[in-house]
Amino acid sequence: MTIQENVPLAPLTTLGVGGAARFFAVAESVEEVEEALAFARERSLPLFVLGEGSNVLIPDEGISGVVLKMAVRGITVEDRGDRAVLVAGAGALWDDVVDAASAHHLFGIENLAGIPGSVAGAAVQNIGAYGAELSRVFDAADVVDSETGTRTQIARDAAAFAYRTSFFKQHPRFCISRVTFALTKDAEPDLSYADVARARAAGAPLATPAEIARTIRAIRAKKFPQDEGEGTAGSFFKNPVIPRAHAEALAGRFPGLPTFPREDGRAKVSLAWLLDHALSLKGYAEGPVRLYEEQPLVIVVRSGATAAAVDAFARAVAARVHDATGIAIEREVETFGVRS
Ligand code: EPU
């Protein structure tokens, strides 16, 4: 494996901004992952793993350590009677995994179709959409401990999944090389999410995993920018989870605000709705950066923008939300090279 120096990272991300990696390695096997981790460890350099770059903001000054581009691919499906086990390399495309499941008529991830990113990114982030979440089908992940170089496995019970977070996000020293998913041949598909229910009412075919995946992709195509010359990382912010009393007070002030009470006494509120109806910020722009007209949780960046401009814009949006609602919103997109 060759280690390259000063490799621009912006083209490897969907936002398309930011600087270069001091050292850069592409790992196509678990042995190459181990090699890259050893390179960083021996030189006491910080190591950051990049998947498809669909949820990261690279700082303009770049990354002064080692960036490992995860390229361990391969997807296999094993039949287990009424279930199946799907094993995917950490660098496989998430949507190829959805296609493989569809091809074998397996349920469990069809509602997660069309999400850009890698398999490991999907697990780190515990991707969720249209009522489904990766945590429900995750079985285990093979990982390499970057501090010791040893291989181990993190099972479902230890994976600590919650809304857009996981054990892997909290412990980035463990580098995922492979993920195993448990899927089923028979299931009652979840078609309850508003956008999906609308498609159903309009007669969209939704019986098989492949049909559901196709419908979900069509819904997503309308919600996310597809233009050349523009970058995006999907939802830039998380939907806030706040004390229920605060959510109820906001719903009183802003009738129509979607709130989703949880068992822990808190409630999730729709930030897209607040940005749209409470703050009228749809399409709000500062130079080359704006909130997308179809989905204001999504930040869109024209090519040539800087990471600093994206960062300043996100701060300005957060300040406006805080002033209007008292909510301190959190980012979903990770700033690369910064460990929280
Ligand atoms: N809404 C508006 N105006 C808009 C758009 C939406 O008022 O312009 C309101 C609607 O009431 C709608 C609600 O906001 O019912 C929620 O919108 P949407 O269904 O688009 O979902 P979301 O909560 O904004 C989340 C995920 C998305 C995922 C969608 C679909 C987060 C941070 N985002 O968005 O995930 O695709 O649900 O399930 O949880 C991502 O994480 O990058 C991502 C794109």
# chains A, B, ... in the order shown; residues from 1 in each chain; ligands from 1

$ residues_near_ligand --ligand "ligand 1" --cutoff "7 Å" --atoms "only C-alpha atoms and all ligand atoms" --output "PDB file with N, CA, C and O atoms, in the first residue's frame"
ATOM      1  N   ILE A 127     -27.643   5.466  10.404  1.00  0.00           N
ATOM      2  CA  ILE A 127     -28.521   6.173   9.462  1.00  0.00           C
ATOM      3  C   ILE A 127     -29.982   5.789   9.698  1.00  0.00           C
ATOM      4  O   ILE A 127     -30.302   4.658  10.082  1.00  0.00           O
ATOM      5  N   GLY A 128     -30.847   6.741   9.435  1.00  0.00           N
ATOM      6  CA  GLY A 128     -32.271   6.498   9.590  1.00  0.00           C
ATOM      7  C   GLY A 128     -33.035   7.309   8.570  1.00  0.00           C
ATOM      8  O   GLY A 128     -32.603   8.389   8.180  1.00  0.00           O
ATOM      9  N   ALA A 129     -34.126   6.737   8.084  1.00  0.00           N
ATOM     10  CA  ALA A 129     -35.002   7.475   7.169  1.00  0.00           C
ATOM     11  C   ALA A 129     -36.315   6.720   7.021  1.00  0.00           C
ATOM     12  O   ALA A 129     -36.335   5.487   7.092  1.00  0.00           O
ATOM     13  N   TYR A 130     -37.385   7.458   6.835  1.00  0.00           N
ATOM     14  CA  TYR A 130     -38.710   6.900   6.531  1.00  0.00           C
ATOM     15  C   TYR A 130     -39.093   5.786   7.513  1.00  0.00           C
ATOM     16  O   TYR A 130     -39.584   4.727   7.132  1.00  0.00           O
ATOM     17  N   GLY A 131     -38.836   6.047   8.794  1.00  0.00           N
ATOM     18  CA  GLY A 131     -39.274   5.132   9.848  1.00  0.00           C
ATOM     19  C   GLY A 131     -38.321   3.978  10.104  1.00  0.00           C
ATOM     20  O   GLY A 131     -38.556   3.180  11.016  1.00  0.00           O
ATOM     21  N   ALA A 194     -45.102   9.818   6.406  1.00  0.00           N
ATOM     22  CA  ALA A 194     -46.010  10.650   5.591  1.00  0.00           C
ATOM     23  C   ALA A 194     -45.704  10.604   4.086  1.00  0.00           C
ATOM     24  O   ALA A 194     -46.609  10.361   3.275  1.00  0.00           O
ATOM     25  N   ASP A 195     -44.434  10.797   3.719  1.00  0.00           N
ATOM     26  CA  ASP A 195     -44.086  10.822   2.292  1.00  0.00           C
ATOM     27  C   ASP A 195     -44.381   9.487   1.615  1.00  0.00           C
ATOM     28  O   ASP A 195     -44.796   9.432   0.450  1.00  0.00           O
ATOM     29  N   ALA A 233     -24.456  17.611   2.080  1.00  0.00           N
ATOM     30  CA  ALA A 233     -24.198  16.419   2.898  1.00  0.00           C
ATOM     31  C   ALA A 233     -25.508  15.961   3.542  1.00  0.00           C
ATOM     32  O   ALA A 233     -25.524  15.474   4.661  1.00  0.00           O
ATOM     33  N   GLY A 234     -26.604  16.121   2.829  1.00  0.00           N
ATOM     34  CA  GLY A 234     -27.913  15.739   3.387  1.00  0.00           C
ATOM     35  C   GLY A 234     -28.278  16.659   4.532  1.00  0.00           C
ATOM     36  O   GLY A 234     -27.907  17.843   4.538  1.00  0.00           O
ATOM     37  N   SER A 235     -28.981  16.126   5.520  1.00  0.00           N
ATOM     38  CA  SER A 235     -29.328  16.955   6.685  1.00  0.00           C
ATOM     39  C   SER A 235     -28.046  17.460   7.324  1.00  0.00           C
ATOM     40  O   SER A 235     -27.177  16.667   7.676  1.00  0.00           O
ATOM     41  N   PHE A 236     -27.927  18.755   7.495  1.00  0.00           N
ATOM     42  CA  PHE A 236     -26.704  19.299   8.121  1.00  0.00           C
ATOM     43  C   PHE A 236     -26.829  19.278   9.639  1.00  0.00           C
ATOM     44  O   PHE A 236     -25.846  19.140  10.353  1.00  0.00           O
ATOM     45  N   PHE A 237     -28.080  19.391  10.122  1.00  0.00           N
ATOM     46  CA  PHE A 237     -28.343  19.412  11.563  1.00  0.00           C
ATOM     47  C   PHE A 237     -29.195  18.206  11.941  1.00  0.00           C
ATOM     48  O   PHE A 237     -29.897  17.635  11.108  1.00  0.00           O
ATOM     49  N   LYS A 238     -29.142  17.856  13.233  1.00  0.00           N
ATOM     50  CA  LYS A 238     -30.034  16.807  13.738  1.00  0.00           C
ATOM     51  C   LYS A 238     -31.372  17.434  14.109  1.00  0.00           C
ATOM     52  O   LYS A 238     -31.426  18.631  14.449  1.00  0.00           O
ATOM     53  N   ASN A 239     -32.413  16.647  14.100  1.00  0.00           N
ATOM     54  CA  ASN A 239     -33.658  17.120  14.696  1.00  0.00           C
ATOM     55  C   ASN A 239     -33.440  17.203  16.204  1.00  0.00           C
ATOM     56  O   ASN A 239     -32.947  16.249  16.809  1.00  0.00           O
ATOM     57  N   PRO A 258     -44.483  19.591  14.086  1.00  0.00           N
ATOM     58  CA  PRO A 258     -44.492  18.147  14.384  1.00  0.00           C
ATOM     59  C   PRO A 258     -43.587  17.840  15.586  1.00  0.00           C
ATOM     60  O   PRO A 258     -42.417  18.221  15.590  1.00  0.00           O
ATOM     61  N   SER A 270     -39.376  18.727  14.754  1.00  0.00           N
ATOM     62  CA  SER A 270     -38.898  18.815  13.378  1.00  0.00           C
ATOM     63  C   SER A 270     -38.211  20.155  13.145  1.00  0.00           C
ATOM     64  O   SER A 270     -38.851  21.207  13.135  1.00  0.00           O
ATOM     65  N   LEU A 271     -36.907  20.087  12.946  1.00  0.00           N
ATOM     66  CA  LEU A 271     -36.159  21.321  12.686  1.00  0.00           C
ATOM     67  C   LEU A 271     -36.471  21.869  11.294  1.00  0.00           C
ATOM     68  O   LEU A 271     -36.533  23.092  11.105  1.00  0.00           O
ATOM     69  N   ALA A 272     -36.700  20.978  10.319  1.00  0.00           N
ATOM     70  CA  ALA A 272     -37.056  21.462   8.971  1.00  0.00           C
ATOM     71  C   ALA A 272     -38.319  22.326   9.059  1.00  0.00           C
ATOM     72  O   ALA A 272     -38.411  23.392   8.448  1.00  0.00           O
ATOM     73  N   TRP A 273     -39.279  21.869   9.845  1.00  0.00           N
ATOM     74  CA  TRP A 273     -40.534  22.612   9.989  1.00  0.00           C
ATOM     75  C   TRP A 273     -40.276  23.973  10.628  1.00  0.00           C
ATOM     76  O   TRP A 273     -40.797  25.001  10.181  1.00  0.00           O
ATOM     77  N   LEU A 274     -39.477  23.994  11.705  1.00  0.00           N
ATOM     78  CA  LEU A 274     -39.180  25.268  12.383  1.00  0.00           C
ATOM     79  C   LEU A 274     -38.475  26.238  11.444  1.00  0.00           C
ATOM     80  O   LEU A 274     -38.800  27.435  11.398  1.00  0.00           O
ATOM     81  N   ASP A 276     -38.639  26.316   8.276  1.00  0.00           N
ATOM     82  CA  ASP A 276     -39.581  26.722   7.238  1.00  0.00           C
ATOM     83  C   ASP A 276     -40.654  27.666   7.807  1.00  0.00           C
ATOM     84  O   ASP A 276     -40.737  28.841   7.418  1.00  0.00           O
ATOM     85  N   HIS A 277     -41.429  27.191   8.767  1.00  0.00           N
ATOM     86  CA  HIS A 277     -42.625  27.930   9.198  1.00  0.00           C
ATOM     87  C   HIS A 277     -42.366  28.944  10.311  1.00  0.00           C
ATOM     88  O   HIS A 277     -43.016  29.989  10.357  1.00  0.00           O
ATOM     89  N   LYS A 282     -36.327  28.999   4.499  1.00  0.00           N
ATOM     90  CA  LYS A 282     -36.137  28.178   3.297  1.00  0.00           C
ATOM     91  C   LYS A 282     -35.443  29.008   2.230  1.00  0.00           C
ATOM     92  O   LYS A 282     -35.873  30.121   1.944  1.00  0.00           O
ATOM     93  N   GLU A 293     -34.214  24.797  -0.834  1.00  0.00           N
ATOM     94  CA  GLU A 293     -35.614  25.238  -0.943  1.00  0.00           C
ATOM     95  C   GLU A 293     -36.599  24.091  -0.659  1.00  0.00           C
ATOM     96  O   GLU A 293     -37.686  24.334  -0.136  1.00  0.00           O
ATOM     97  N   GLU A 294     -36.248  22.873  -1.001  1.00  0.00           N
ATOM     98  CA  GLU A 294     -37.176  21.742  -0.822  1.00  0.00           C
ATOM     99  C   GLU A 294     -37.077  21.120   0.569  1.00  0.00           C
ATOM    100  O   GLU A 294     -37.951  20.347   0.966  1.00  0.00           O
ATOM    101  N   GLN A 295     -35.952  21.368   1.281  1.00  0.00           N
ATOM    102  CA  GLN A 295     -35.727  20.717   2.575  1.00  0.00           C
ATOM    103  C   GLN A 295     -34.711  21.567   3.335  1.00  0.00           C
ATOM    104  O   GLN A 295     -33.505  21.414   3.154  1.00  0.00           O
ATOM    105  N   PRO A 296     -35.176  22.466   4.198  1.00  0.00           N
ATOM    106  CA  PRO A 296     -34.249  23.430   4.799  1.00  0.00           C
ATOM    107  C   PRO A 296     -33.263  22.847   5.815  1.00  0.00           C
ATOM    108  O   PRO A 296     -32.384  23.582   6.272  1.00  0.00           O
ATOM    109  N   LEU A 297     -33.384  21.558   6.152  1.00  0.00           N
ATOM    110  CA  LEU A 297     -32.348  20.941   7.005  1.00  0.00           C
ATOM    111  C   LEU A 297     -31.073  20.705   6.214  1.00  0.00           C
ATOM    112  O   LEU A 297     -30.016  20.442   6.773  1.00  0.00           O
ATOM    113  N   GLU A 332     -25.402  17.386  12.407  1.00  0.00           N
ATOM    114  CA  GLU A 332     -25.328  15.971  12.063  1.00  0.00           C
ATOM    115  C   GLU A 332     -24.033  15.703  11.317  1.00  0.00           C
ATOM    116  O   GLU A 332     -23.378  14.684  11.505  1.00  0.00           O
TER     117      GLU A 332
END

$ closest_atom_pairs --of "stretch 107-128 of chain A" --to "stretch 144-163 of chain A" --cutoff "12 Å" --atoms "only C-alpha atoms" --output "CSV"
residue,atom,partner,partner_atom,distance
A:Ala122,CA,A:Phe161,CA,11.5
A:Ala123,CA,A:Phe161,CA,8.8
A:Val124,CA,A:Phe161,CA,8.8
A:Gln125,CA,A:Tyr163,CA,8.4
A:Asn126,CA,A:Phe161,CA,6.6
A:Ile127,CA,A:Tyr163,CA,8.3
A:Gly128,CA,A:Tyr163,CA,8.1

$ closest_residue --among "A:Ser44, A:Thr180, A:Ser118, A:Thr76" --to "A:Ala100" --atoms "only C-alpha atoms"
A:Thr76

$ closest_residue --among "A:Ile329, A:Ala267, A:Ala210, A:Ala182" --to "A:Val137" --atoms "only C-alpha atoms"
A:Ala182

$ residues_around --residues "A:Gly89" --least-positions-apart "6" --cutoff "10 Å" --atoms "only C-alpha atoms" --output "list in words"
Glu28, Ser29, Val30, Met70, Ala71, Val72, Arg73, Gly74, Ile75, Thr76, Val97, Ser118, Val119, Ala120, Ala141, Asp142, Ile176, Ser177, Arg178, Val179 and Thr180 of chain A

$ select_by_dssp --residues "stretch 62-255 of chain A" --states "helix (DSSP H, G or I)" --output "PyMOL selection string"
chain A and resi 94-103+110-112+119-125+134-136+156-158+167-170+194-201+209-223+244-253

$ residues_around --residues "stretch 7-15 of chain A" --least-positions-apart "6" --cutoff "7 Å" --atoms "only C-alpha atoms" --output "MDAnalysis selection string"
chainID A and resid 21:22 24 52:54 57 231:233 301

$ atom_distance --atom1 "atom CA of A:Glu286" --atom2 "atom CA of A:Pro240"
23.6 Å

$ select_by_dssp --residues "stretch 222-272 of chain A" --states "strand (DSSP E or B)" --output "JSON, numbers by chain"
{"A": [230, 231, 232, 233, 234, 235, 237, 241, 242, 243, 259, 260, 261, 266, 267, 268, 269]}

$ closest_residue --among "A:Ser166, A:Asn55, A:Gln4, A:Thr208" --to "A:Ala103" --atoms "only C-alpha atoms"
A:Thr208

$ residues_around --residues "stretch 250-252 of chain A" --least-positions-apart "3" --cutoff "10 Å" --atoms "only C-alpha atoms" --output "MDAnalysis selection string"
chainID A and resid 244:247 255:259 269 274 278 324:326

$ write_last_selection --atoms "C-alpha atoms" --output "PDB file, in the first residue's frame"
ATOM      1  CA  ARG A 244     -41.268  17.611  26.504  1.00  0.00           C
ATOM      2  CA  ALA A 245     -42.492  20.770  28.244  1.00  0.00           C
ATOM      3  CA  HIS A 246     -40.287  22.864  25.969  1.00  0.00           C
ATOM      4  CA  ALA A 247     -41.632  21.010  22.897  1.00  0.00           C
ATOM      5  CA  PRO A 255     -49.269  25.517  15.771  1.00  0.00           C
ATOM      6  CA  GLY A 256     -48.555  22.623  13.403  1.00  0.00           C
ATOM      7  CA  LEU A 257     -45.027  21.947  14.657  1.00  0.00           C
ATOM      8  CA  PRO A 258     -44.492  18.147  14.384  1.00  0.00           C
ATOM      9  CA  THR A 259     -43.381  16.793  17.786  1.00  0.00           C
ATOM     10  CA  VAL A 269     -39.164  18.245  17.123  1.00  0.00           C
ATOM     11  CA  LEU A 274     -39.180  25.268  12.383  1.00  0.00           C
ATOM     12  CA  ALA A 278     -41.264  29.579  12.358  1.00  0.00           C
ATOM     13  CA  ALA A 324     -36.425  32.125  18.161  1.00  0.00           C
ATOM     14  CA  THR A 325     -36.879  28.865  20.076  1.00  0.00           C
ATOM     15  CA  GLY A 326     -34.271  28.578  22.845  1.00  0.00           C
TER      16      GLY A 326
END

$ closest_residue --among "A:Gln226, A:Thr335, A:Thr2, A:Thr306" --to "A:Tyr292" --atoms "only C-alpha atoms"
A:Gln226

$ decode --residues "stretch 76-121 of chain A" --atoms "C-alpha atoms" --output "PDB file, in the first residue's frame"
ATOM      1  CA  THR A  76     -22.177 -11.532   0.331  1.00  0.00           C
ATOM      2  CA  VAL A  77     -25.557 -12.932   1.283  1.00  0.00           C
ATOM      3  CA  GLU A  78     -25.984 -16.210   3.189  1.00  0.00           C
ATOM      4  CA  ASP A  79     -29.342 -17.943   3.345  1.00  0.00           C
ATOM      5  CA  ARG A  80     -30.498 -19.020   6.835  1.00  0.00           C
ATOM      6  CA  GLY A  81     -34.017 -20.335   6.232  1.00  0.00           C
ATOM      7  CA  ASP A  82     -36.489 -17.544   6.899  1.00  0.00           C
ATOM      8  CA  ARG A  83     -33.622 -15.119   7.527  1.00  0.00           C
ATOM      9  CA  ALA A  84     -30.441 -14.150   5.774  1.00  0.00           C
ATOM     10  CA  VAL A  85     -27.123 -12.742   6.833  1.00  0.00           C
ATOM     11  CA  LEU A  86     -25.634 -10.019   4.657  1.00  0.00           C
ATOM     12  CA  VAL A  87     -21.936  -9.251   5.114  1.00  0.00           C
ATOM     13  CA  ALA A  88     -20.529  -6.073   3.601  1.00  0.00           C
ATOM     14  CA  GLY A  89     -17.065  -4.536   3.468  1.00  0.00           C
ATOM     15  CA  ALA A  90     -16.822  -1.242   5.362  1.00  0.00           C
ATOM     16  CA  GLY A  91     -16.083   0.615   2.122  1.00  0.00           C
ATOM     17  CA  ALA A  92     -18.929  -0.898   0.094  1.00  0.00           C
ATOM     18  CA  LEU A  93     -21.548   1.603  -1.015  1.00  0.00           C
ATOM     19  CA  TRP A  94     -24.539   1.575   1.307  1.00  0.00           C
ATOM     20  CA  ASP A  95     -26.959   1.740  -1.614  1.00  0.00           C
ATOM     21  CA  ASP A  96     -25.303  -1.335  -3.191  1.00  0.00           C
ATOM     22  CA  VAL A  97     -26.129  -3.156   0.043  1.00  0.00           C
ATOM     23  CA  VAL A  98     -29.759  -2.069  -0.335  1.00  0.00           C
ATOM     24  CA  ASP A  99     -29.705  -3.354  -3.937  1.00  0.00           C
ATOM     25  CA  ALA A 100     -28.199  -6.698  -2.856  1.00  0.00           C
ATOM     26  CA  ALA A 101     -30.936  -7.099  -0.235  1.00  0.00           C
ATOM     27  CA  SER A 102     -33.595  -6.229  -2.830  1.00  0.00           C
ATOM     28  CA  ALA A 103     -32.142  -8.731  -5.320  1.00  0.00           C
ATOM     29  CA  HIS A 104     -32.505 -11.491  -2.696  1.00  0.00           C
ATOM     30  CA  HIS A 105     -35.977 -10.277  -1.719  1.00  0.00           C
ATOM     31  CA  LEU A 106     -34.791  -9.451   1.801  1.00  0.00           C
ATOM     32  CA  PHE A 107     -36.576  -6.944   4.019  1.00  0.00           C
ATOM     33  CA  GLY A 108     -35.123  -4.631   6.672  1.00  0.00           C
ATOM     34  CA  ILE A 109     -33.250  -1.853   4.836  1.00  0.00           C
ATOM     35  CA  GLU A 110     -35.529  -1.004   1.893  1.00  0.00           C
ATOM     36  CA  ASN A 111     -36.614   2.281   3.547  1.00  0.00           C
ATOM     37  CA  LEU A 112     -32.938   3.261   3.774  1.00  0.00           C
ATOM     38  CA  ALA A 113     -32.531   3.209  -0.026  1.00  0.00           C
ATOM     39  CA  GLY A 114     -30.757   6.053  -1.770  1.00  0.00           C
ATOM     40  CA  ILE A 115     -28.736   7.297   1.198  1.00  0.00           C
ATOM     41  CA  PRO A 116     -25.286   8.259  -0.066  1.00  0.00           C
ATOM     42  CA  GLY A 117     -22.338   6.872   1.885  1.00  0.00           C
ATOM     43  CA  SER A 118     -20.370   3.775   2.814  1.00  0.00           C
ATOM     44  CA  VAL A 119     -21.347   0.796   4.957  1.00  0.00           C
ATOM     45  CA  ALA A 120     -19.100   1.862   7.841  1.00  0.00           C
ATOM     46  CA  GLY A 121     -20.386   5.434   7.631  1.00  0.00           C
TER      47      GLY A 121
END
